[in-house]
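Below is the file query_25.csv, which contains CSV, C-alpha atoms and all ligand atoms.
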chain,number,residue,atom,x,y,z
P,257,MET,CA,15.3,149.3,127.2
P,258,LEU,CA,17.2,152.4,128.2
P,259,LEU,CA,16.4,156.1,127.6
P,260,LEU,CA,19.5,158.0,126.6
P,261,GLN,CA,20.2,161.7,126.3
P,262,CYS,CA,22.7,163.0,123.7
P,263,PRO,CA,25.4,165.2,125.4
P,264,ARG,CA,25.5,167.5,122.3
P,265,CYS,CA,21.9,168.1,121.2
P,266,LYS,CA,20.1,167.0,124.3
P,267,GLN,CA,17.6,164.9,122.3
P,268,ARG,CA,16.4,161.7,124.0
P,269,MET,CA,16.3,158.3,122.3
P,270,ARG,CA,15.7,154.7,123.3
P,271,TYR,CA,18.3,152.0,123.2
P,272,GLU,CA,17.6,148.3,123.4
P,273,GLY,CA,20.0,146.9,125.9
P,274,ARG,CA,20.7,146.4,129.6
P,275,THR,CA,22.9,148.5,131.7
P,276,ILE,CA,24.9,145.5,133.0
P,277,LEU,CA,26.0,144.5,129.5
P,278,LEU,CA,27.1,147.9,128.2
P,279,GLY,CA,30.7,148.2,129.4
P,280,SER,CA,32.0,151.2,127.5
P,281,LYS,CA,29.9,150.7,124.4
P,282,ARG,CA,29.2,153.8,122.3
P,283,LYS,CA,26.1,154.9,120.4
P,284,GLU,CA,25.7,157.4,117.6
P,285,CYS,CA,23.0,160.0,118.2
P,286,VAL,CA,20.2,159.5,115.7
P,287,TYR,CA,19.6,163.2,115.6
P,288,CYS,CA,23.1,164.8,115.3
P,289,GLY,CA,25.5,161.9,114.8
P,290,GLN,CA,27.5,162.5,118.0
P,291,ALA,CA,29.0,159.3,119.4
P,292,PHE,CA,28.8,159.0,123.2
P,293,ILE,CA,29.4,156.4,125.9
P,294,ILE,CA,26.0,154.9,126.6
P,295,LYS,CA,26.3,154.3,130.3
P,296,ASP,CA,27.3,157.9,131.0
P,297,HIS,CA,24.2,159.3,129.4
P,298,ILE,CA,21.4,157.1,130.7
P,299,VAL,CA,18.3,159.1,131.7
P,300,GLN,CA,16.2,156.2,132.7
P,301,ASP,CA,16.2,152.5,132.8
P,302,ILE,CA,12.7,151.8,131.3
P,303,ASP,CA,12.8,148.1,132.0
P,304,ARG,CA,13.3,148.6,135.6
P,305,LYS,CA,10.6,151.2,135.9
P,306,ASN,CA,8.0,149.0,134.2
P,307,LYS,CA,8.5,146.2,136.7
P,308,VAL,CA,7.3,148.3,139.6
P,401,ZN,ZN,22.6,164.4,119.4
Would you mind writing the structure in this file as structure tokens?
Ligand SMILES: [Zn+2]
Amino acid sequence: MLLLQCPRCKQRMRYEGRTILLGSKRKECVYCGQAFIIKDHIVQDIDRKNKV
């Protein structure tokens, strides 16, 4: 699970997926509809944090 931040409205949202599988996949912001490249806007890798 990743935490993403929209480059346009700065809202944060969760995305179910792993960084290694993303490539240049895009996601549409659930708040404003802006599409952005997921891996460029990851705030936090929630999976990794939880393992500690
Ligand atoms: Zn947005």
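Taking all atoms listed in the file into account, the residues that come within 8 Å of ligand ZN 401 (chain P) are Gln261, Cys262, Pro263, Arg264, Cys265, Lys266, Gln267, Glu284, Cys285, Val286, Tyr287, Cys288, Gly289 and Gln290 of chain P.
Atom pair atom CA of Ile294 of chain P / atom CA of Leu258 of chain P has a distance of 9.3 Å (rounded to one decimal).
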Item to check | atom CA of Lys295 of chain P to atom CA of Lys281 of chain P, straight-line distance in Å | outcome: 7.8 Å
Checklist entry - Could you pull the residues within 9 Å of Leu259 of chain P, counting all atoms listed in the file, minus those fewer than 5 positions along the same chain, as a PyMOL selection string? => result chain P and resi 268-272+297-302
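Residues in contact with Lys283 of chain P at up to 7 Å, not including ones fewer than 4 positions away on its chain and judged by only C-alpha atoms, are Ala291, Phe292, Ile293 and Ile294 of chain P.
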Since the input is missing atoms, can you rebuild N, CA and C atoms for segment 271-299 of chain P and write them as a CSV table (one decimal), in the frame of the given file?
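Listed below is the output, rebuild17.csv:
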chain,number,residue,atom,x,y,z
P,271,TYR,N,17.3,153.0,123.6
P,271,TYR,CA,18.3,152.0,123.2
P,271,TYR,C,17.9,150.6,123.8
P,272,GLU,N,17.9,149.6,122.9
P,272,GLU,CA,17.6,148.3,123.4
P,272,GLU,C,18.8,147.6,123.9
P,273,GLY,N,18.8,147.5,125.3
P,273,GLY,CA,20.0,146.9,125.9
P,273,GLY,C,19.9,147.0,127.4
P,274,ARG,N,20.7,146.3,128.1
P,274,ARG,CA,20.7,146.4,129.6
P,274,ARG,C,22.0,147.0,130.1
P,275,THR,N,21.8,147.8,131.1
P,275,THR,CA,22.9,148.5,131.7
P,275,THR,C,24.1,147.6,132.0
P,276,ILE,N,23.8,146.4,132.5
P,276,ILE,CA,24.9,145.5,133.0
P,276,ILE,C,25.8,145.0,131.8
P,277,LEU,N,25.2,145.0,130.6
P,277,LEU,CA,26.0,144.5,129.5
P,277,LEU,C,26.7,145.5,128.7
P,278,LEU,N,26.6,146.8,129.1
P,278,LEU,CA,27.1,147.9,128.2
P,278,LEU,C,28.6,148.0,128.2
P,279,GLY,N,29.3,147.9,129.3
P,279,GLY,CA,30.7,148.2,129.4
P,279,GLY,C,30.9,149.6,129.0
P,280,SER,N,31.8,149.8,128.0
P,280,SER,CA,32.0,151.2,127.5
P,280,SER,C,31.5,151.4,126.0
P,281,LYS,N,30.5,150.6,125.7
P,281,LYS,CA,29.9,150.7,124.4
P,281,LYS,C,29.5,152.2,124.0
P,282,ARG,N,29.6,152.5,122.8
P,282,ARG,CA,29.2,153.8,122.3
P,282,ARG,C,28.0,153.7,121.4
P,283,LYS,N,27.2,154.8,121.3
P,283,LYS,CA,26.1,154.9,120.4
P,283,LYS,C,26.2,156.2,119.6
P,284,GLU,N,25.8,156.2,118.4
P,284,GLU,CA,25.7,157.4,117.6
P,284,GLU,C,24.3,158.0,117.8
P,285,CYS,N,24.3,159.3,118.1
P,285,CYS,CA,23.0,160.0,118.2
P,285,CYS,C,22.3,159.9,116.9
P,286,VAL,N,21.0,159.6,117.0
P,286,VAL,CA,20.2,159.5,115.7
P,286,VAL,C,19.8,160.8,115.2
P,287,TYR,N,20.0,161.9,116.0
P,287,TYR,CA,19.6,163.2,115.6
P,287,TYR,C,20.8,164.0,115.0
P,288,CYS,N,22.0,164.0,115.7
P,288,CYS,CA,23.1,164.8,115.3
P,288,CYS,C,24.3,164.0,114.9
P,289,GLY,N,24.4,162.7,115.2
P,289,GLY,CA,25.5,161.9,114.8
P,289,GLY,C,26.6,161.8,115.8
P,290,GLN,N,26.5,162.5,116.9
P,290,GLN,CA,27.5,162.5,118.0
P,290,GLN,C,27.6,161.1,118.6
P,291,ALA,N,28.8,160.6,118.7
P,291,ALA,CA,29.0,159.3,119.4
P,291,ALA,C,29.2,159.6,120.9
P,292,PHE,N,28.6,158.8,121.7
P,292,PHE,CA,28.8,159.0,123.2
P,292,PHE,C,28.8,157.7,123.9
P,293,ILE,N,29.4,157.6,125.1
P,293,ILE,CA,29.4,156.4,125.9
P,293,ILE,C,28.0,156.2,126.5
P,294,ILE,N,27.4,155.1,126.2
P,294,ILE,CA,26.0,154.9,126.6
P,294,ILE,C,25.7,155.1,128.1
P,295,LYS,N,26.6,154.4,128.9
P,295,LYS,CA,26.3,154.3,130.3
P,295,LYS,C,26.4,155.6,131.0
P,296,ASP,N,27.2,156.6,130.4
P,296,ASP,CA,27.3,157.9,131.0
P,296,ASP,C,26.2,158.8,130.7
P,297,HIS,N,25.3,158.4,129.9
P,297,HIS,CA,24.2,159.3,129.4
P,297,HIS,C,22.8,158.7,129.5
P,298,ILE,N,22.7,157.7,130.4
P,298,ILE,CA,21.4,157.1,130.7
P,298,ILE,C,20.5,158.0,131.5
P,299,VAL,N,19.3,158.3,130.9
P,299,VAL,CA,18.3,159.1,131.7
P,299,VAL,C,17.5,158.2,132.5
